[in-house]
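> The following block contains the structure, expressed as structure tokens.
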Amino acid sequence: MDQLALLFVLLLGAVVSVPVGDRFGLPAPVLMTLLGLVLALLEFVPNVEVPPDLILPLLLPPLLYAAVRRTSWRQFAANVRPIFLLAVALVFVTTFCVAAVAHAIVPGLPLAAAVALGALVAPPDPVAATAVAGQLGLPRRLVSILEGEGLFNDVTAIVLYHVAIAAAVSGHFTAWEAGLDLVLSAVVALAVGLALGWGAYKLMDLLGDATLQIGLSLLVPYASYVLAEELHGSGVLAVLVTAMFLAEYATDADDVMTRLAGHTFWDIVDTLVTGVAFGLIGLELHIAVRTASGRWSELLGWAATVVGVVVVVRLLYLLPATWLTKRMHAKRDYDEEVPMSWRETVVMWWSGMRGVASVALALAIPLETDSGEPFPNRNEIVFIAFGVIMATLVAQGLTLPWLVKRLGVRADSDREEEFEKQLAVRAAKAAKRRLKEIEAVEDLPEELSEQMLRRAFEIGVRISPDMGEDERREAHQQRVRRMKRVRRIQSELLSAARHEVLAARSEPGADPEVVDRVLRHLDVRSLR
């Protein structure tokens with residue numbers, strides 16, 4: 001098996017792991033990691049040869065962009081306090097706790113190298129956390145915090161990592177320079193993210209075509225990441241800013257085709273890239289195995305100790321941080337997403353799985369220092385990092401569904417249904433207001449006006465059938481049944497039309513492009 005065949009196996013696994021995970025209640029990223037482990041143990045499977053400095057630029061931009069599409073700037077602004085406590089403060093605390101323990105237990109490990117180890121194992125993986133949380137039906141407030149933590153903790157950890165690596169390589173370190181690097185990295189990333197977001201927004205208006213706009217949306221996160229890194233900024237933060245800008249301003253309510261096609265496209269990208277990323281984690285295990293040759297007991301002991309530090313520090317930090325956030329939350333006049341019970345806090349604690357970023361940073365540790373000597377304890381650092389990744393990702397990922405079920409943590413479905421109903425009412429009222437505006441300038445026949453008024457109400461009913469409770473539901477029950485029957489018959493008519501047009505594609509002299517254009521028209525009609 002060559003490298004290309006291995007890539008196709010991972011892509012196939014990414015597709016298959018989703019329904020298999022749904023069937024057995026297991027997270028797809030964890031299944032892909034286990035697949036990578038199995039492949040790594042097979043003799044005919046080659047070792048992966050991806051340059052470490054390309055792992056983050058290739059995998060993180062599309063994954064981050066896809067994750068940001070599920071959130072909003074308003075949601076982030078409303079939850080800035082818990083996100084800051086988790087994404088920034090907790091990363092610092094974990095980094096320095098791991099560094100202190102590793103420096104004490106690993107003979108000859110310099111403090112700068114220990115800080116690098118702490119930084120690369122500190123950030124929970126944003127993809128693993130959101131993928132797992134999304135499948136378990138957790139409360140939206142927990143998913144929001146995990147998404148926010150996952151999106152922003154890599155920024156802090158990667159900057160800390162680079163500062164520590166520079167200190168270990170050069171032997172020179174000052175606290176004020178490290179702080180200045182952190183600030184400058186954030187400023188450059190914000191500037192690049194906003195500039196590329198604005199430029200992409202304007203370019204999408206010029207392109208017009210849905211296919212070209214979606215193609216541009218794939219290029220933008222890569223451009224944002226690479227440009228920020230070239231200017232010594234945070235590529236992760238730049239991608240987040242660009243994605244949030246586009247999600248906020250580059251959304252046209254009437255551009256239905258681009259929105260539907262874009263949503264499908266990014267679901268596909270998210271599934272495939274996530275599968276490859278976590279399969280790569282398992283495949284890279286051969287590096288740790290080769291490192292541990294003849295030293296298994298010693299290295300496993302160090303790795304287990306660091307795993308314990310990572311897990312315990314997260315719990316000990318979350319308990320007071322959650323209490324403090326809830327106390328502050330009580331004084332605010334708007335909703336902030338915070339854990340509302342100790343059960344939700346425990347689920348948040350056990351959701352701290354490490355993943356793609358940690359693997360990439362571990363493999364990217366230089367082989368030598370500026371003086372030409374080997375990087376101190378590089379093999380030990382890589383082994384310990386892989387131990388943390390595998391223990392948190394596989395052990396926590398496989399047991400998290402059981403823990404969630406055991407604690408009875410579930411989404412507030414009543415609240416979600418109520419919000420959906422409110423949106424349905426607002427949508428119907430907006431349609432009625434627009435109808436009145438049209439009637440004010442156009443002379444509509446009474447029959448047509450009544451028909452359009454019913455259609456305006458039906459817009460809300462299609463979103464939330466319970467909406468009718470507030471809008472004379474009993475009077476419209478018969479009309480709703482009739483509407484469903486009409487939709488069913490219309491669906492069958494459109495299906496017959498599509499079959500006929502598709503059959504024409506194989507007829508002699510038929511133009512496939514014309515057939516596809518007519519099919520797209522019928523498909524859009526089917527969505528109405």
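Labels for the structure tokens follow display order: chains A, B, ..., residues from 1 in each chain, ligands from 1.
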Quick one: everything within 9 Å of Trp266 in chain A, counting only C-alpha atoms, minus sequence neighbours fewer than 4 positions away in the same chain. Send it as a VMD selection string.
chain A and resid 62 65 to 66 69 214 218 261 to 262 270 to 271
> Report as a list in words all protein, DNA and RNA residues lying within 6 Å of range 191-206 of chain A, evaluated on only C-alpha atoms, omitting residues in the same chain fewer than 2 positions from it.
Val188, Ala189, Gly208, Gln213, Ala238, Val241, Thr242, Phe245, Leu246 and Ala250 of chain A
> Rounded to one decimal place, report the CA of Phe383 in chain A-CA of Ile165 in chain A distance in Å.
17.1 Å
> Please identify all polymer residues within 7 Å of Pro27 in chain A, counting only C-alpha atoms, omitting same-chain residues fewer than 3 positions from it, and present them as JSON, numbers by chain.
{"A": [21, 30, 31, 132, 397]}
> Which of these residues is nearest to Val155 in chain A, using only C-alpha atoms: A:Pro124, A:Pro366, A:Gly25, A:Gly387?
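Smallest separation from Val155 in chain A among the options: A:Pro124.
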> Work out how far CA of Val524 in chain A is from CA of Glu447 in chain A, in Å to one decimal.
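So the answer is 27.3 Å.
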> Would you mind listing what lies within 9 Å of Leu272 in chain A as an mmCIF file with N, CA, C and O atoms, in the first residue's frame, with only C-alpha atoms counted and same-chain residues fewer than 5 positions away left out?

```cif
data_model
loop_
_atom_site.group_PDB
_atom_site.id
_atom_site.type_symbol
_atom_site.label_atom_id
_atom_site.label_comp_id
_atom_site.auth_asym_id
_atom_site.auth_seq_id
_atom_site.Cartn_x
_atom_site.Cartn_y
_atom_site.Cartn_z
ATOM 1 N N LEU A 10 -8.324 6.361 4.427
ATOM 2 C CA LEU A 10 -8.751 7.290 5.476
ATOM 3 C C LEU A 10 -10.009 8.057 5.059
ATOM 4 O O LEU A 10 -10.913 8.275 5.878
ATOM 5 N N LEU A 11 -10.085 8.464 3.808
ATOM 6 C CA LEU A 11 -11.271 9.176 3.328
ATOM 7 C C LEU A 11 -12.503 8.276 3.379
ATOM 8 O O LEU A 11 -13.591 8.711 3.777
ATOM 9 N N LEU A 12 -12.327 7.019 2.968
ATOM 10 C CA LEU A 12 -13.442 6.071 3.050
ATOM 11 C C LEU A 12 -13.850 5.847 4.503
ATOM 12 O O LEU A 12 -15.046 5.814 4.840
ATOM 13 N N GLY A 13 -12.849 5.722 5.371
ATOM 14 C CA GLY A 13 -13.143 5.556 6.788
ATOM 15 C C GLY A 13 -13.878 6.748 7.366
ATOM 16 O O GLY A 13 -14.768 6.590 8.213
ATOM 17 N N ALA A 14 -13.530 7.951 6.912
ATOM 18 C CA ALA A 14 -14.204 9.158 7.400
ATOM 19 C C ALA A 14 -15.689 9.131 7.077
ATOM 20 O O ALA A 14 -16.526 9.561 7.887
ATOM 21 N N VAL A 15 -16.029 8.615 5.893
ATOM 22 C CA VAL A 15 -17.434 8.543 5.491
ATOM 23 C C VAL A 15 -18.161 7.450 6.271
ATOM 24 O O VAL A 15 -19.269 7.658 6.787
ATOM 25 N N ASP A 267 -20.314 20.699 5.015
ATOM 26 C CA ASP A 267 -20.548 19.459 5.764
ATOM 27 C C ASP A 267 -19.645 18.344 5.240
ATOM 28 O O ASP A 267 -19.080 17.553 6.014
ATOM 29 N N ALA A 277 -7.757 13.837 9.655
ATOM 30 C CA ALA A 277 -6.975 14.387 10.766
ATOM 31 C C ALA A 277 -6.852 13.388 11.910
ATOM 32 O O ALA A 277 -5.754 13.151 12.436
#
```
